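> My file is start.pdb. It has PDB, C-alpha atoms:
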```pdb
ATOM      1  CA  MET R1020       0.000   0.000   0.000
ATOM      2  CA  GLY R1021       1.422   3.361  -1.015
ATOM      3  CA  PRO R1022       1.762   6.418   1.236
ATOM      4  CA  ARG R1023      -1.329   8.140  -0.190
ATOM      5  CA  GLN R1024      -3.427   5.033   0.303
ATOM      6  CA  GLN R1025      -2.197   4.789   3.897
ATOM      7  CA  LEU R1026      -3.320   8.357   4.572
ATOM      8  CA  VAL R1027      -6.732   7.739   3.012
ATOM      9  CA  ARG R1028      -7.108   4.593   5.098
ATOM     10  CA  ALA R1029      -6.173   6.499   8.267
ATOM     11  CA  ILE R1030      -8.784   9.174   7.474
ATOM     12  CA  HIS R1031     -11.476   6.523   7.061
ATOM     13  CA  GLU R1032     -10.430   4.741  10.252
ATOM     14  CA  GLY R1033     -10.546   8.012  12.175
ATOM     15  CA  GLN R1034     -13.906   8.947  10.719
ATOM     16  CA  GLN R1035     -15.372   5.630  11.800
ATOM     17  CA  ALA R1036     -13.974   6.090  15.304
ATOM     18  CA  GLY R1037     -15.587   9.533  15.425
ATOM     19  CA  LEU R1038     -18.914   8.180  14.229
ATOM     20  CA  ASP R1039     -18.690   5.478  16.895
ATOM     21  CA  ARG R1040     -18.021   8.237  19.459
ATOM     22  CA  GLN R1041     -14.806   6.647  20.618
ATOM     23  CA  ARG R1042     -12.202   8.719  22.389
ATOM     24  CA  VAL R1043      -9.557  10.414  20.290
ATOM     25  CA  THR R1044      -6.954   8.616  22.397
ATOM     26  CA  VAL R1045      -7.731   5.350  20.558
ATOM     27  CA  CYS R1046      -5.721   6.635  17.580
ATOM     28  CA  PRO R1047      -3.297   3.832  16.710
ATOM     29  CA  TYR R1048      -0.652   6.065  15.127
ATOM     30  CA  PRO R1049       2.230   7.640  17.067
ATOM     31  CA  ALA R1050       2.934  11.352  17.390
ATOM     32  CA  GLY R1051       4.907  12.656  14.432
ATOM     33  CA  ASP R1052       3.373  10.140  12.010
ATOM     34  CA  LEU R1053       1.464  11.772   9.129
ATOM     35  CA  ARG R1054      -1.167   9.066   9.452
ATOM     36  CA  ARG R1055      -1.943  10.371  12.950
ATOM     37  CA  SER R1056      -2.892  13.820  11.662
ATOM     38  CA  ALA R1057      -4.942  12.188   8.881
ATOM     39  CA  TRP R1058      -6.685   9.972  11.437
ATOM     40  CA  VAL R1059      -7.492  12.954  13.665
ATOM     41  CA  ARG R1060      -8.863  14.877  10.670
ATOM     42  CA  GLY R1061     -11.163  11.959   9.880
ATOM     43  CA  TYR R1062     -12.075  11.607  13.532
ATOM     44  CA  THR R1063     -13.117  15.258  13.732
ATOM     45  CA  ALA R1064     -15.309  14.899  10.649
ATOM     46  CA  GLY R1065     -16.875  11.742  12.054
ATOM     47  CA  ARG R1066     -17.662  13.375  15.397
ATOM     48  CA  ARG R1067     -19.312  16.307  13.624
ATOM     49  CA  LYS R1068     -21.521  13.920  11.666
ATOM     50  CA  ALA R1069     -22.349  11.918  14.784
ATOM     51  CA  GLU R1070     -23.338  15.044  16.717
ATOM     52  CA  GLY R1071     -25.175  16.779  13.887
TER      53      GLY R1071
END
```
Now that the file is in, can you turn its structure into structure tokens?

Amino acid sequence: MGPRQQLVRAIHEGQQAGLDRQRVTVCPYPAGDLRRSAWVRGYTAGRRKAEG
């Protein structure tokens, strides 16, 4: 899986976690990893959808 695909996957994983109203601390990616920021971006979008 290429780097772009990894970022897209992380966004989708984060979005699902947000929709499931999990805590942001469940992010599986370490600080400094670009996938972490992608995951958090997806998470934020998922939480907005879950709350709205």
> Neighbours of segment 1050-1061 of chain R within 8 Å (all atoms listed in the file; same-chain residues fewer than 2 positions away dropped), as a ChimeraX atom specification?
/R:1025-1027,1029-1035,1037,1043,1046-1048,1063-1065
> Distance atom CA of Arg1028 of chain R-atom CA of Tyr1062 of chain R, one decimal place?
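Atom CA of Tyr1062 of chain R lies 12.0 Å from atom CA of Arg1028 of chain R.
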> Give me the box for segment 1020-1033 of chain R as JSON, namely the centre and edge lengths in Å to one decimal of a box along x, y and z that holds every listed atom plus 4 Å on each side.

```
{"center_x": -4.9, "center_y": 4.6, "center_z": 5.6, "size_x": 21.2, "size_y": 17.2, "size_z": 21.2}
```
> I'd like the interatomic distance between atom CA of Val1045 of chain R and atom CA of Gln1024 of chain R, to a tenth of an Å.
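Taking atom CA of Val1045 of chain R and atom CA of Gln1024 of chain R, their separation equals 20.7 Å.
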